[in-house]
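In what follows, a single structure is set out as structure tokens and then discussed.
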Amino acid sequence: MPFDLAIRGATIYDGSGRPGYTGDLAIQGDRLVEVGGRVGPARREIRADGLALAPGFIDSHTHLDAQVLWDPFLTSSCFHGVTSVVLGNCGLTLAPCKPEDRETLLHTFVRVEGMEIGVLQTAVTWSWTDTAGYLGAIERARPALNVGMLVGHCALRQYVMGEDSVERAATTEEIAAMQSFLRDSLRAGALGFSTNQNPRHFRDDGKPLPSRLAAPEEINALGQVLAEEKRGVIQMSSAPGGVARIDQVAE
């Protein structure tokens, strides 16, 4: 029986790290069934001589949190072999978010990520307050790539503390509330948690990103949620030379 699709004559980079080699690839249904060598006949064939053929790339550090809502093709990532992206890095996400904090949360992206506030205000149509709702909005946008997200520390702090999040450390009760929202987010499908301790990162009003005011105890408590849930990763943006802090969190 012929394959559904054969790609012939490509230089194959299979992700193992070994040098590329020339060969064919066969697809049946939604599965790769043969890679390398000369595959049999197929209903559809693509000549790929002189072209590279590789598994889709995973871009684990993006700031497409807003763009995914108005550009489901996620350009230009889709032009470069990327098939999966992770949002919510550097402590920056659009969820969770109370309606009264929407404008403030948008401003956390402006200076750090070089995004125009007018574009964000116009293009982000809010329909959520929690991570589950935001993930639902992404699903309704029908992105062309696989999309996952980390929960940003800035959003957690803003949700629990309001503008105090850029003024002081959190209380024990506030940390417990952040832990609860992070736990809910992980159970809704978030891939982990991100924080930002870089002293050069500010909102566009000159105030520090909320996560920069977090004491080590707060970050450790949020990391403990991932340990308790036995899922997720932690991504940290730190100051130059901040490897020691990352090692501390890893413990």
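Chain labels follow the order of the structure tokens: the first chain is A, the next B, and so on; residue numbering restarts at 1 in every chain, and ligands are counted from 1 in their shown order.
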
Applying 9 Å and only C-alpha atoms, which residues near Gln235 in chain A remain after dropping the ones on its own chain fewer than 5 positions away? List them as JSON, numbers by chain.
{"A": [89, 90, 91, 150, 192, 193, 194, 195, 196]}

What are the closest atom pairs, with distances in Å to one decimal, for each residue of range 124-230 of chain A lying within 10 Å of range 99-105 of chain A, using only C-alpha atoms, rows by chain and rising residue number, as JSON lines?
{"residue": "A:Val124", "atom": "CA", "partner": "A:Arg102", "partner_atom": "CA", "distance": 9.9}
{"residue": "A:Trp126", "atom": "CA", "partner": "A:Arg102", "partner_atom": "CA", "distance": 8.1}
{"residue": "A:Ser127", "atom": "CA", "partner": "A:Pro99", "partner_atom": "CA", "distance": 9.2}
{"residue": "A:Trp128", "atom": "CA", "partner": "A:Pro99", "partner_atom": "CA", "distance": 8.5}
{"residue": "A:Thr129", "atom": "CA", "partner": "A:Pro99", "partner_atom": "CA", "distance": 7.0}
{"residue": "A:Cys154", "atom": "CA", "partner": "A:Leu105", "partner_atom": "CA", "distance": 8.0}
{"residue": "A:Ala155", "atom": "CA", "partner": "A:Leu105", "partner_atom": "CA", "distance": 6.9}
{"residue": "A:Gln158", "atom": "CA", "partner": "A:Asp101", "partner_atom": "CA", "distance": 7.4}
{"residue": "A:Tyr159", "atom": "CA", "partner": "A:Asp101", "partner_atom": "CA", "distance": 7.5}
{"residue": "A:Gly162", "atom": "CA", "partner": "A:Asp101", "partner_atom": "CA", "distance": 7.5}
{"residue": "A:Glu163", "atom": "CA", "partner": "A:Thr104", "partner_atom": "CA", "distance": 8.9}
{"residue": "A:Arg203", "atom": "CA", "partner": "A:Thr104", "partner_atom": "CA", "distance": 9.0}
{"residue": "A:Asp205", "atom": "CA", "partner": "A:Thr104", "partner_atom": "CA", "distance": 10.0}
{"residue": "A:Leu209", "atom": "CA", "partner": "A:Leu105", "partner_atom": "CA", "distance": 9.9}
{"residue": "A:Pro210", "atom": "CA", "partner": "A:Leu105", "partner_atom": "CA", "distance": 9.9}

Kindly export the residues of the current selection with N, CA and C atoms, as a PDB file, in the first residue's frame.
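Final file, selection.pdb:
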ATOM      1  N   VAL A 124      -5.299  43.703  21.957  1.00  0.00           N
ATOM      2  CA  VAL A 124      -5.633  42.704  22.973  1.00  0.00           C
ATOM      3  C   VAL A 124      -7.079  42.904  23.400  1.00  0.00           C
ATOM      4  N   TRP A 126      -9.665  41.677  25.795  1.00  0.00           N
ATOM      5  CA  TRP A 126      -9.672  40.917  27.051  1.00  0.00           C
ATOM      6  C   TRP A 126     -10.971  40.143  27.199  1.00  0.00           C
ATOM      7  N   SER A 127     -10.843  38.878  27.593  1.00  0.00           N
ATOM      8  CA  SER A 127     -12.027  38.056  27.852  1.00  0.00           C
ATOM      9  C   SER A 127     -11.777  37.092  29.005  1.00  0.00           C
ATOM     10  N   TRP A 128     -10.721  37.319  29.777  1.00  0.00           N
ATOM     11  CA  TRP A 128     -10.336  36.351  30.808  1.00  0.00           C
ATOM     12  C   TRP A 128      -9.883  37.083  32.067  1.00  0.00           C
ATOM     13  N   THR A 129      -9.859  36.352  33.147  1.00  0.00           N
ATOM     14  CA  THR A 129      -9.246  36.817  34.389  1.00  0.00           C
ATOM     15  C   THR A 129      -8.214  35.813  34.897  1.00  0.00           C
ATOM     16  N   CYS A 154       5.085  38.553  37.521  1.00  0.00           N
ATOM     17  CA  CYS A 154       4.533  39.912  37.560  1.00  0.00           C
ATOM     18  C   CYS A 154       3.011  39.882  37.622  1.00  0.00           C
ATOM     19  N   ALA A 155       2.405  39.027  36.818  1.00  0.00           N
ATOM     20  CA  ALA A 155       0.944  38.926  36.815  1.00  0.00           C
ATOM     21  C   ALA A 155       0.428  38.397  38.152  1.00  0.00           C
ATOM     22  N   GLN A 158       0.720  41.267  40.712  1.00  0.00           N
ATOM     23  CA  GLN A 158      -0.256  42.327  40.446  1.00  0.00           C
ATOM     24  C   GLN A 158      -1.657  41.858  40.831  1.00  0.00           C
ATOM     25  N   TYR A 159      -1.973  40.608  40.543  1.00  0.00           N
ATOM     26  CA  TYR A 159      -3.301  40.077  40.834  1.00  0.00           C
ATOM     27  C   TYR A 159      -3.571  40.084  42.340  1.00  0.00           C
ATOM     28  N   GLY A 162      -1.992  44.228  43.783  1.00  0.00           N
ATOM     29  CA  GLY A 162      -2.244  45.508  43.132  1.00  0.00           C
ATOM     30  C   GLY A 162      -0.964  46.301  42.976  1.00  0.00           C
ATOM     31  N   GLU A 163      -1.050  47.632  43.122  1.00  0.00           N
ATOM     32  CA  GLU A 163       0.131  48.472  42.946  1.00  0.00           C
ATOM     33  C   GLU A 163       1.142  48.334  44.076  1.00  0.00           C
ATOM     34  N   ARG A 203       8.913  48.928  34.370  1.00  0.00           N
ATOM     35  CA  ARG A 203       7.741  49.325  33.594  1.00  0.00           C
ATOM     36  C   ARG A 203       8.053  50.641  32.899  1.00  0.00           C
ATOM     37  N   ASP A 205       6.616  53.361  33.255  1.00  0.00           N
ATOM     38  CA  ASP A 205       6.461  54.514  34.137  1.00  0.00           C
ATOM     39  C   ASP A 205       7.646  54.676  35.075  1.00  0.00           C
ATOM     40  N   LEU A 209       9.626  46.183  37.586  1.00  0.00           N
ATOM     41  CA  LEU A 209       8.674  45.092  37.382  1.00  0.00           C
ATOM     42  C   LEU A 209       8.283  44.514  38.741  1.00  0.00           C
ATOM     43  N   PRO A 210       7.024  44.130  38.918  1.00  0.00           N
ATOM     44  CA  PRO A 210       6.589  43.628  40.227  1.00  0.00           C
ATOM     45  C   PRO A 210       7.452  42.500  40.784  1.00  0.00           C
TER      46      PRO A 210
END

I need the residues of range 5-233 of chain A that end up classed as strand (DSSP E or B) by DSSP on the backbone, written out as a ChimeraX atom specification.
/A:5-12,21-28,31-35,42-47,52-53,57-59,82-87,146-152,192-196,202,208,233

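The space separating CA of Ile219 in chain A from CA of Val112 in chain A comes to 20.5 Å.
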
Neighbour list for Ala170 in chain A as a list in words, cut-off 12 Å, only C-alpha atoms, skip fewer than 3 positions in-chain:
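The neighbour list is Leu156, Arg157, Gln158, Val160, Met161, Gly162, Glu163, Asp164, Ser165, Val166, Glu167, Glu173, Glu174, Ile175, Ala176, Ala177, Met178, Gln179, Pro210, Ser211, Arg212, Leu213, Ala214, Ala215, Pro216, Glu217, Glu218, Ile219 and Ala221 of chain A.
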
Go ahead and save the residues from that selection, with N, CA and C atoms, as a PDB file, in the first residue's frame.
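Result went into out-v3.pdb, see below:
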ATOM      1  N   LEU A 156       1.098  37.400  38.708  1.00  0.00           N
ATOM      2  CA  LEU A 156       0.676  36.860  40.008  1.00  0.00           C
ATOM      3  C   LEU A 156       0.723  37.934  41.086  1.00  0.00           C
ATOM      4  N   ARG A 157       1.819  38.694  41.124  1.00  0.00           N
ATOM      5  CA  ARG A 157       1.960  39.730  42.153  1.00  0.00           C
ATOM      6  C   ARG A 157       0.924  40.836  41.958  1.00  0.00           C
ATOM      7  N   GLN A 158       0.720  41.267  40.712  1.00  0.00           N
ATOM      8  CA  GLN A 158      -0.256  42.327  40.446  1.00  0.00           C
ATOM      9  C   GLN A 158      -1.657  41.858  40.831  1.00  0.00           C
ATOM     10  N   VAL A 160      -2.578  39.716  43.113  1.00  0.00           N
ATOM     11  CA  VAL A 160      -2.760  39.582  44.563  1.00  0.00           C
ATOM     12  C   VAL A 160      -2.551  40.911  45.292  1.00  0.00           C
ATOM     13  N   MET A 161      -1.575  41.713  44.856  1.00  0.00           N
ATOM     14  CA  MET A 161      -1.140  42.870  45.637  1.00  0.00           C
ATOM     15  C   MET A 161      -1.514  44.214  45.019  1.00  0.00           C
ATOM     16  N   GLY A 162      -1.992  44.228  43.783  1.00  0.00           N
ATOM     17  CA  GLY A 162      -2.244  45.508  43.132  1.00  0.00           C
ATOM     18  C   GLY A 162      -0.964  46.301  42.976  1.00  0.00           C
ATOM     19  N   GLU A 163      -1.050  47.632  43.122  1.00  0.00           N
ATOM     20  CA  GLU A 163       0.131  48.472  42.946  1.00  0.00           C
ATOM     21  C   GLU A 163       1.142  48.334  44.076  1.00  0.00           C
ATOM     22  N   ASP A 164       0.768  47.702  45.179  1.00  0.00           N
ATOM     23  CA  ASP A 164       1.764  47.388  46.203  1.00  0.00           C
ATOM     24  C   ASP A 164       2.822  46.434  45.668  1.00  0.00           C
ATOM     25  N   SER A 165       2.509  45.762  44.570  1.00  0.00           N
ATOM     26  CA  SER A 165       3.444  44.790  44.004  1.00  0.00           C
ATOM     27  C   SER A 165       4.736  45.439  43.524  1.00  0.00           C
ATOM     28  N   VAL A 166       4.720  46.745  43.253  1.00  0.00           N
ATOM     29  CA  VAL A 166       5.932  47.438  42.816  1.00  0.00           C
ATOM     30  C   VAL A 166       6.497  48.323  43.920  1.00  0.00           C
ATOM     31  N   GLU A 167       6.027  48.092  45.153  1.00  0.00           N
ATOM     32  CA  GLU A 167       6.469  48.920  46.272  1.00  0.00           C
ATOM     33  C   GLU A 167       7.124  48.146  47.406  1.00  0.00           C
ATOM     34  N   GLU A 173       0.476  35.972  53.898  1.00  0.00           N
ATOM     35  CA  GLU A 173      -0.846  35.704  53.340  1.00  0.00           C
ATOM     36  C   GLU A 173      -0.867  35.944  51.834  1.00  0.00           C
ATOM     37  N   GLU A 174      -0.192  36.967  51.378  1.00  0.00           N
ATOM     38  CA  GLU A 174      -0.144  37.255  49.940  1.00  0.00           C
ATOM     39  C   GLU A 174       0.640  36.192  49.179  1.00  0.00           C
ATOM     40  N   ILE A 175       1.703  35.707  49.774  1.00  0.00           N
ATOM     41  CA  ILE A 175       2.457  34.624  49.130  1.00  0.00           C
ATOM     42  C   ILE A 175       1.590  33.381  49.016  1.00  0.00           C
ATOM     43  N   ALA A 176       0.822  33.085  50.061  1.00  0.00           N
ATOM     44  CA  ALA A 176      -0.073  31.927  50.017  1.00  0.00           C
ATOM     45  C   ALA A 176      -1.112  32.082  48.915  1.00  0.00           C
ATOM     46  N   ALA A 177      -1.608  33.309  48.722  1.00  0.00           N
ATOM     47  CA  ALA A 177      -2.587  33.542  47.657  1.00  0.00           C
ATOM     48  C   ALA A 177      -1.943  33.345  46.293  1.00  0.00           C
ATOM     49  N   MET A 178      -0.712  33.831  46.115  1.00  0.00           N
ATOM     50  CA  MET A 178      -0.007  33.620  44.850  1.00  0.00           C
ATOM     51  C   MET A 178       0.216  32.136  44.598  1.00  0.00           C
ATOM     52  N   GLN A 179       0.551  31.402  45.637  1.00  0.00           N
ATOM     53  CA  GLN A 179       0.721  29.957  45.485  1.00  0.00           C
ATOM     54  C   GLN A 179      -0.563  29.308  44.993  1.00  0.00           C
ATOM     55  N   PRO A 210       7.024  44.130  38.918  1.00  0.00           N
ATOM     56  CA  PRO A 210       6.589  43.628  40.227  1.00  0.00           C
ATOM     57  C   PRO A 210       7.452  42.500  40.784  1.00  0.00           C
ATOM     58  N   SER A 211       7.895  41.598  39.942  1.00  0.00           N
ATOM     59  CA  SER A 211       8.655  40.438  40.426  1.00  0.00           C
ATOM     60  C   SER A 211       9.984  40.836  41.055  1.00  0.00           C
ATOM     61  N   ARG A 212      10.501  42.014  40.705  1.00  0.00           N
ATOM     62  CA  ARG A 212      11.782  42.442  41.269  1.00  0.00           C
ATOM     63  C   ARG A 212      11.691  42.731  42.757  1.00  0.00           C
ATOM     64  N   LEU A 213      10.490  42.970  43.278  1.00  0.00           N
ATOM     65  CA  LEU A 213      10.314  43.252  44.691  1.00  0.00           C
ATOM     66  C   LEU A 213      10.160  41.984  45.523  1.00  0.00           C
ATOM     67  N   ALA A 214      10.189  40.832  44.874  1.00  0.00           N
ATOM     68  CA  ALA A 214       9.980  39.565  45.578  1.00  0.00           C
ATOM     69  C   ALA A 214      11.221  39.169  46.366  1.00  0.00           C
ATOM     70  N   ALA A 215      11.032  38.820  47.614  1.00  0.00           N
ATOM     71  CA  ALA A 215      12.113  38.293  48.437  1.00  0.00           C
ATOM     72  C   ALA A 215      12.410  36.857  48.025  1.00  0.00           C
ATOM     73  N   PRO A 216      13.611  36.364  48.324  1.00  0.00           N
ATOM     74  CA  PRO A 216      13.923  34.963  47.988  1.00  0.00           C
ATOM     75  C   PRO A 216      12.904  33.974  48.539  1.00  0.00           C
ATOM     76  N   GLU A 217      12.369  34.266  49.717  1.00  0.00           N
ATOM     77  CA  GLU A 217      11.394  33.354  50.318  1.00  0.00           C
ATOM     78  C   GLU A 217      10.131  33.231  49.471  1.00  0.00           C
ATOM     79  N   GLU A 218       9.753  34.328  48.828  1.00  0.00           N
ATOM     80  CA  GLU A 218       8.567  34.306  47.963  1.00  0.00           C
ATOM     81  C   GLU A 218       8.807  33.438  46.727  1.00  0.00           C
ATOM     82  N   ILE A 219       9.953  33.627  46.098  1.00  0.00           N
ATOM     83  CA  ILE A 219      10.270  32.839  44.909  1.00  0.00           C
ATOM     84  C   ILE A 219      10.368  31.363  45.255  1.00  0.00           C
ATOM     85  N   ALA A 221       8.845  29.838  47.678  1.00  0.00           N
ATOM     86  CA  ALA A 221       7.501  29.328  47.979  1.00  0.00           C
ATOM     87  C   ALA A 221       6.739  29.021  46.695  1.00  0.00           C
TER      88      ALA A 221
END

For the atom pair CA of Val68 in chain A and CA of Ile138 in chain A, what is the interatomic distance in Å to one decimal place?
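So the answer is 6.8 Å.
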
So how far away is CA of Asn220 in chain A from CA of Thr172 in chain A, in Å?
12.6 Å
